[in-house]
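A.B. asks: Submitted below is the structure of interest, expressed as structure tokens.
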Amino acid sequence: MEVGLHIPQVGPFARRDVIGRFARAAEEAGFDGLWVFDHVVIRKEQGSAYPYSPDGRLGFRPTLDFLEPLTLLAFVAAVTSRIRLGTSVLVLPMRHPVLHAKVLATIDHLSGGRLILGGGVGWWKEEFEVLGVPFERRGKRTEEWLRLVRALWTEEWVQFRGEFYECVDWTCNPKPVNGTIPIWLGGESEGQLRRVGRYADGWLATAKSLPVLEQRFEIARQAARSAGRDASALTLALEGAGVISSETMESTAEHLESLARRGVAHAICLIDPRAYGEAEALIARFGRDYLPRLHAAAAARP
């Protein structure tokens with residue numbers, strides 16, 4: 001199993017010195033990914049309920065510093081050399097695909113091909129509205145978004161005419177280092193799982209799906225088979241896989257081992273924000289005492 005960490009992105013620890021030390025410590029300890037999440041602005045009155053918390057709230061004070069995710073990944077790319085970089089998740093239909101194909105390919109180019117695009121359709125209607133983007137039919141726009149960015153990443157001259165986007169006789173360079181950028185889609189709806197199978201390289205599940213993880217992933221795999229794609233090539237990743245602190249380190253490692261047995265290939269964890277002051281020591285300890293056995297367990301899995 002690969003194990004990734006969320007970068008400090010919100011609040012007083014979202015500073016270049018802290019982030020630089022955190023990112024380098026994670027790479028030196030053997031972690032496999034550094035991850036960011038996404039919002040552009042935060043509303044005084046939230047409005048729409050956040051679907052991944054019991055009370056529907058985001059869970060942090062809206063006036064805290066919140067670093068833009070792609071700018072943050074570009075910074076992290078410059079202070080690391082091996083560890084993969086990902087978004088969990090970027091709200092795709094809230095952004096224009098032509099512009100973001102360019103931005104994402106540039107980060108991939110400068111990082112040496114380390115980028116993973118974790119994408120979602122979004123849940124916050126009010127954030128779409130303040131950006132002047134329709135919230136309705138965002139699933140269908142996401143499908144076109146994915147097709148168009150793939151074309152911009154892989155074709156010399158793009159010939160794309162869709163319902164929402166048109167891009168004819170344009171080229172976008174540089175191309176991604178490894179031919180394309182892996183796309184892992186987040187979201188638990190059946191429609192989104194079918195998009196995983198038809199358009200993406202993996203499913204970025206959340207802990208919300210743990211009771212039915214294998215059954216839900218099979219929806220994506222069946223959609224891939226129906227589309228003539230290799231279902232076995234889909235990656236199963238999990239957001240919110242565990243919290244690392246001095247007290248939870250052993251239990252988190254045991255939980256990650258159980259996830260590896262269930263087929264999770266990349267687990268994204270969080271350093272307990274209350275322990276950010278000792279984050280480098282926690283990262284080094286987990287890397288020394290637990291990561292080798294997690295990597296070995298994944299390698300030994302049939």
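Each chain of the structure tokens is named A, B, ... in the order shown, its residues numbered from 1; ligands are numbered from 1 in display order.
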Got a sec: who's within 8 Å of Gly122 in chain A, counting only C-alpha atoms, leaving out chain neighbours fewer than 4 positions off, as JSON, numbers by chain?
C.D. replies: {"A": [91, 92, 93, 94]}
A.B. asks: Tell me, as a PDB file with C-alpha atoms, in the first residue's frame, which residues lie within 10 Å of range 127-139 of chain A, counting only C-alpha atoms; anything in the same chain fewer than 4 positions away does not count.
C.D. replies:
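File written: around-v7.pdb
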ATOM      1  CA  HIS A  39     -12.203  25.644  -2.154  1.00  0.00           C
ATOM      2  CA  VAL A  40     -11.770  29.042  -3.758  1.00  0.00           C
ATOM      3  CA  VAL A  41     -13.726  31.195  -1.307  1.00  0.00           C
ATOM      4  CA  ILE A  42     -15.657  30.493   1.900  1.00  0.00           C
ATOM      5  CA  ARG A  43     -19.134  31.902   2.488  1.00  0.00           C
ATOM      6  CA  GLN A  46     -22.432  28.188   4.371  1.00  0.00           C
ATOM      7  CA  GLY A  47     -25.797  27.302   2.816  1.00  0.00           C
ATOM      8  CA  SER A  48     -25.405  23.873   1.204  1.00  0.00           C
ATOM      9  CA  VAL A  91     -13.828  20.559  -8.179  1.00  0.00           C
ATOM     10  CA  LEU A  92     -13.639  20.043 -11.930  1.00  0.00           C
ATOM     11  CA  PRO A  93     -16.809  21.649 -13.391  1.00  0.00           C
ATOM     12  CA  MET A  94     -16.144  24.803 -11.342  1.00  0.00           C
ATOM     13  CA  ARG A  95     -13.022  25.403 -13.485  1.00  0.00           C
ATOM     14  CA  HIS A  96     -12.518  25.809 -17.207  1.00  0.00           C
ATOM     15  CA  GLY A 120     -15.006  15.684  -8.116  1.00  0.00           C
ATOM     16  CA  VAL A 121     -18.235  17.217  -9.363  1.00  0.00           C
ATOM     17  CA  GLY A 122     -18.662  19.469  -6.310  1.00  0.00           C
ATOM     18  CA  TRP A 123     -21.372  19.918  -3.706  1.00  0.00           C
ATOM     19  CA  GLU A 143     -17.668  14.157 -18.447  1.00  0.00           C
ATOM     20  CA  GLU A 144     -16.902  16.670 -21.212  1.00  0.00           C
ATOM     21  CA  TRP A 145     -14.241  18.270 -18.989  1.00  0.00           C
ATOM     22  CA  GLY A 191     -23.377   8.088 -11.585  1.00  0.00           C
ATOM     23  CA  GLN A 192     -19.944   9.158 -10.406  1.00  0.00           C
ATOM     24  CA  ARG A 195     -17.778   7.960 -14.649  1.00  0.00           C
TER      25      ARG A 195
END
A.B. asks: Excluding Ala101 in chain A and residues on its chain fewer than 3 positions from it, collect all residues at most 7 Å away from it, counting only C-alpha atoms, and give them as a tab-separated table (two decimals) with C-alpha atoms, in the first residue's frame.
C.D. replies:
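Generated file (around-v9.tsv):
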chain	number	residue	atom	x	y	z
A	97	PRO	CA	-10.93	22.68	-18.72
A	98	VAL	CA	-8.72	24.47	-21.25
A	104	LEU	CA	-2.06	20.88	-14.45
A	105	ALA	CA	0.29	19.90	-17.28
A	149	VAL	CA	-8.38	17.73	-20.89
A	152	LEU	CA	-5.33	18.57	-24.73
A.B. asks: Using DSSP on the backbone coordinates, identify all residues within range 31-268 of chain A classified as strand (DSSP E); present the result as JSON, numbers by chain.
C.D. replies: {"A": [33, 34, 35, 36, 84, 85, 86, 87, 90, 91, 115, 116, 117, 118, 119, 120, 158, 159, 160, 161, 166, 167, 168, 169, 170, 183, 184, 185, 186, 202, 203, 204, 205, 206, 235, 236, 237, 238, 239, 240, 241, 242, 243, 244, 266, 267, 268]}
A.B. asks: Any idea what's packed within 9 Å of range 175-186 of chain A, counting only C-alpha atoms, ignoring anything in its chain fewer than 4 positions away? Could you give it as an MDAnalysis selection string?
C.D. replies: chainID A and resid 88:89 102 104:109 112:121 146 150 152:155 192:193 195:196 199:206 234:237 239
A.B. asks: Please provide as a PyMOL selection string all residues within 8 Å of Val10 in chain A, with the sequence filter that same-chain residues fewer than 4 positions apart are discarded (counting only C-alpha atoms).
C.D. replies: chain A and resi 14+64-67
A.B. asks: Report the distance between CA of Gly287 in chain A and CA of Gly30 in chain A in Å, rounded to one decimal place.
C.D. replies: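 Going from CA of Gly287 in chain A over to CA of Gly30 in chain A covers 6.0 Å.
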A.B. asks: Using only C-alpha atoms, which residues sit within 12 Å of Glu218 in chain A once same-chain residues fewer than 2 positions away are excluded, as a VMD selection string?
C.D. replies: chain A and resid 190 193 to 194 196 to 197 202 to 203 212 to 216 220 to 225 231 to 232 234 to 236 263
A.B. asks: Those residues with N, CA, C and O atoms, as an mmCIF file, in the first residue's frame please?
C.D. replies:
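Done, and the output landed in result_16.cif:
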data_model
loop_
_atom_site.group_PDB
_atom_site.id
_atom_site.type_symbol
_atom_site.label_atom_id
_atom_site.label_comp_id
_atom_site.auth_asym_id
_atom_site.auth_seq_id
_atom_site.Cartn_x
_atom_site.Cartn_y
_atom_site.Cartn_z
ATOM 1 N N GLU A 190 -23.797 6.513 -7.732
ATOM 2 C CA GLU A 190 -23.643 5.523 -8.803
ATOM 3 C C GLU A 190 -23.228 6.186 -10.103
ATOM 4 O O GLU A 190 -22.425 5.633 -10.862
ATOM 5 N N LEU A 193 -19.521 6.816 -9.907
ATOM 6 C CA LEU A 193 -18.778 5.563 -10.020
ATOM 7 C C LEU A 193 -18.747 5.065 -11.463
ATOM 8 O O LEU A 193 -17.733 4.529 -11.924
ATOM 9 N N ARG A 194 -19.829 5.264 -12.176
ATOM 10 C CA ARG A 194 -19.822 4.888 -13.600
ATOM 11 C C ARG A 194 -18.869 5.794 -14.387
ATOM 12 O O ARG A 194 -18.203 5.329 -15.328
ATOM 13 N N VAL A 196 -16.117 6.984 -13.178
ATOM 14 C CA VAL A 196 -14.796 6.416 -12.877
ATOM 15 C C VAL A 196 -14.459 5.345 -13.902
ATOM 16 O O VAL A 196 -13.365 5.320 -14.483
ATOM 17 N N GLY A 197 -15.388 4.431 -14.119
ATOM 18 C CA GLY A 197 -15.126 3.339 -15.050
ATOM 19 C C GLY A 197 -14.965 3.780 -16.485
ATOM 20 O O GLY A 197 -14.139 3.223 -17.217
ATOM 21 N N GLY A 202 -8.962 5.746 -11.639
ATOM 22 C CA GLY A 202 -9.156 5.209 -10.309
ATOM 23 C C GLY A 202 -10.296 5.899 -9.598
ATOM 24 O O GLY A 202 -10.819 6.922 -10.046
ATOM 25 N N TRP A 203 -10.697 5.283 -8.484
ATOM 26 C CA TRP A 203 -11.740 5.835 -7.622
ATOM 27 C C TRP A 203 -11.095 6.294 -6.334
ATOM 28 O O TRP A 203 -10.393 5.525 -5.666
ATOM 29 N N VAL A 212 -19.280 -0.602 2.343
ATOM 30 C CA VAL A 212 -19.641 -1.235 1.064
ATOM 31 C C VAL A 212 -18.570 -0.951 0.002
ATOM 32 O O VAL A 212 -18.873 -0.840 -1.185
ATOM 33 N N LEU A 213 -17.336 -0.840 0.432
ATOM 34 C CA LEU A 213 -16.266 -0.394 -0.465
ATOM 35 C C LEU A 213 -16.130 -1.282 -1.690
ATOM 36 O O LEU A 213 -16.088 -0.796 -2.833
ATOM 37 N N GLU A 214 -16.039 -2.583 -1.498
ATOM 38 C CA GLU A 214 -15.832 -3.495 -2.631
ATOM 39 C C GLU A 214 -17.019 -3.482 -3.586
ATOM 40 O O GLU A 214 -16.840 -3.486 -4.807
ATOM 41 N N GLN A 215 -18.238 -3.446 -3.022
ATOM 42 C CA GLN A 215 -19.426 -3.435 -3.873
ATOM 43 C C GLN A 215 -19.514 -2.153 -4.700
ATOM 44 O O GLN A 215 -19.874 -2.196 -5.877
ATOM 45 N N ARG A 216 -19.163 -1.025 -4.079
ATOM 46 C CA ARG A 216 -19.216 0.243 -4.814
ATOM 47 C C ARG A 216 -18.149 0.289 -5.905
ATOM 48 O O ARG A 216 -18.382 0.753 -7.013
ATOM 49 N N ALA A 220 -17.816 0.736 -10.628
ATOM 50 C CA ALA A 220 -16.846 1.378 -11.522
ATOM 51 C C ALA A 220 -16.185 0.356 -12.433
ATOM 52 O O ALA A 220 -16.000 0.595 -13.632
ATOM 53 N N ARG A 221 -15.823 -0.785 -11.882
ATOM 54 C CA ARG A 221 -15.154 -1.814 -12.683
ATOM 55 C C ARG A 221 -16.078 -2.346 -13.774
ATOM 56 O O ARG A 221 -15.645 -2.574 -14.914
ATOM 57 N N GLN A 222 -17.357 -2.511 -13.445
ATOM 58 C CA GLN A 222 -18.303 -2.975 -14.457
ATOM 59 C C GLN A 222 -18.495 -1.927 -15.545
ATOM 60 O O GLN A 222 -18.585 -2.266 -16.740
ATOM 61 N N ALA A 223 -18.539 -0.658 -15.167
ATOM 62 C CA ALA A 223 -18.651 0.410 -16.161
ATOM 63 C C ALA A 223 -17.434 0.427 -17.071
ATOM 64 O O ALA A 223 -17.552 0.682 -18.283
ATOM 65 N N ALA A 224 -16.250 0.153 -16.520
ATOM 66 C CA ALA A 224 -15.044 0.088 -17.343
ATOM 67 C C ALA A 224 -15.134 -1.058 -18.342
ATOM 68 O O ALA A 224 -14.828 -0.897 -19.535
ATOM 69 N N ARG A 225 -15.570 -2.223 -17.872
ATOM 70 C CA ARG A 225 -15.704 -3.364 -18.785
ATOM 71 C C ARG A 225 -16.707 -3.062 -19.889
ATOM 72 O O ARG A 225 -16.470 -3.389 -21.060
ATOM 73 N N ALA A 231 -10.713 -3.113 -16.556
ATOM 74 C CA ALA A 231 -11.197 -2.849 -15.205
ATOM 75 C C ALA A 231 -10.128 -3.107 -14.163
ATOM 76 O O ALA A 231 -10.097 -2.448 -13.109
ATOM 77 N N SER A 232 -9.228 -4.042 -14.426
ATOM 78 C CA SER A 232 -8.185 -4.367 -13.448
ATOM 79 C C SER A 232 -7.157 -3.255 -13.303
ATOM 80 O O SER A 232 -6.391 -3.233 -12.339
ATOM 81 N N LEU A 234 -7.915 -0.095 -12.874
ATOM 82 C CA LEU A 234 -8.423 0.977 -12.024
ATOM 83 C C LEU A 234 -7.790 0.912 -10.639
ATOM 84 O O LEU A 234 -7.712 -0.155 -10.032
ATOM 85 N N THR A 235 -7.370 2.055 -10.136
ATOM 86 C CA THR A 235 -6.795 2.165 -8.793
ATOM 87 C C THR A 235 -7.897 2.456 -7.784
ATOM 88 O O THR A 235 -8.774 3.288 -8.031
ATOM 89 N N LEU A 236 -7.835 1.787 -6.639
ATOM 90 C CA LEU A 236 -8.721 2.105 -5.522
ATOM 91 C C LEU A 236 -7.908 2.866 -4.478
ATOM 92 O O LEU A 236 -6.950 2.335 -3.913
ATOM 93 N N GLY A 263 -7.894 -4.158 -0.812
ATOM 94 C CA GLY A 263 -7.574 -3.701 -2.155
ATOM 95 C C GLY A 263 -7.267 -2.234 -2.301
ATOM 96 O O GLY A 263 -7.053 -1.751 -3.417
#
A.B. asks: I want to know what sits within 8 Å of Leu34 in chain A, based on only C-alpha atoms, with residues of the same chain fewer than 3 positions away left out; could you give that as a ChimeraX atom specification?
C.D. replies: /A:4-7,23,26,83-86
A.B. asks: Go ahead and save the residues from that selection, with C-alpha atoms, as a JSON list (two decimals), in the first residue's frame.
C.D. replies:
[["chain", "number", "residue", "atom", "x", "y", "z"],
["A", 4, "GLY", "CA", -0.07, 9.82, 1.44],
["A", 5, "LEU", "CA", -0.47, 12.81, 3.74],
["A", 6, "HIS", "CA", -2.50, 15.99, 3.56],
["A", 7, "ILE", "CA", -0.31, 19.09, 3.53],
["A", 23, "ALA", "CA", 6.85, 18.08, 2.57],
["A", 26, "ALA", "CA", 7.29, 13.19, 4.29],
["A", 83, "ILE", "CA", 6.93, 12.06, -3.71],
["A", 84, "ARG", "CA", 3.72, 12.20, -5.76],
["A", 85, "LEU", "CA", 1.46, 15.25, -5.61],
["A", 86, "GLY", "CA", -2.32, 15.12, -5.72]]
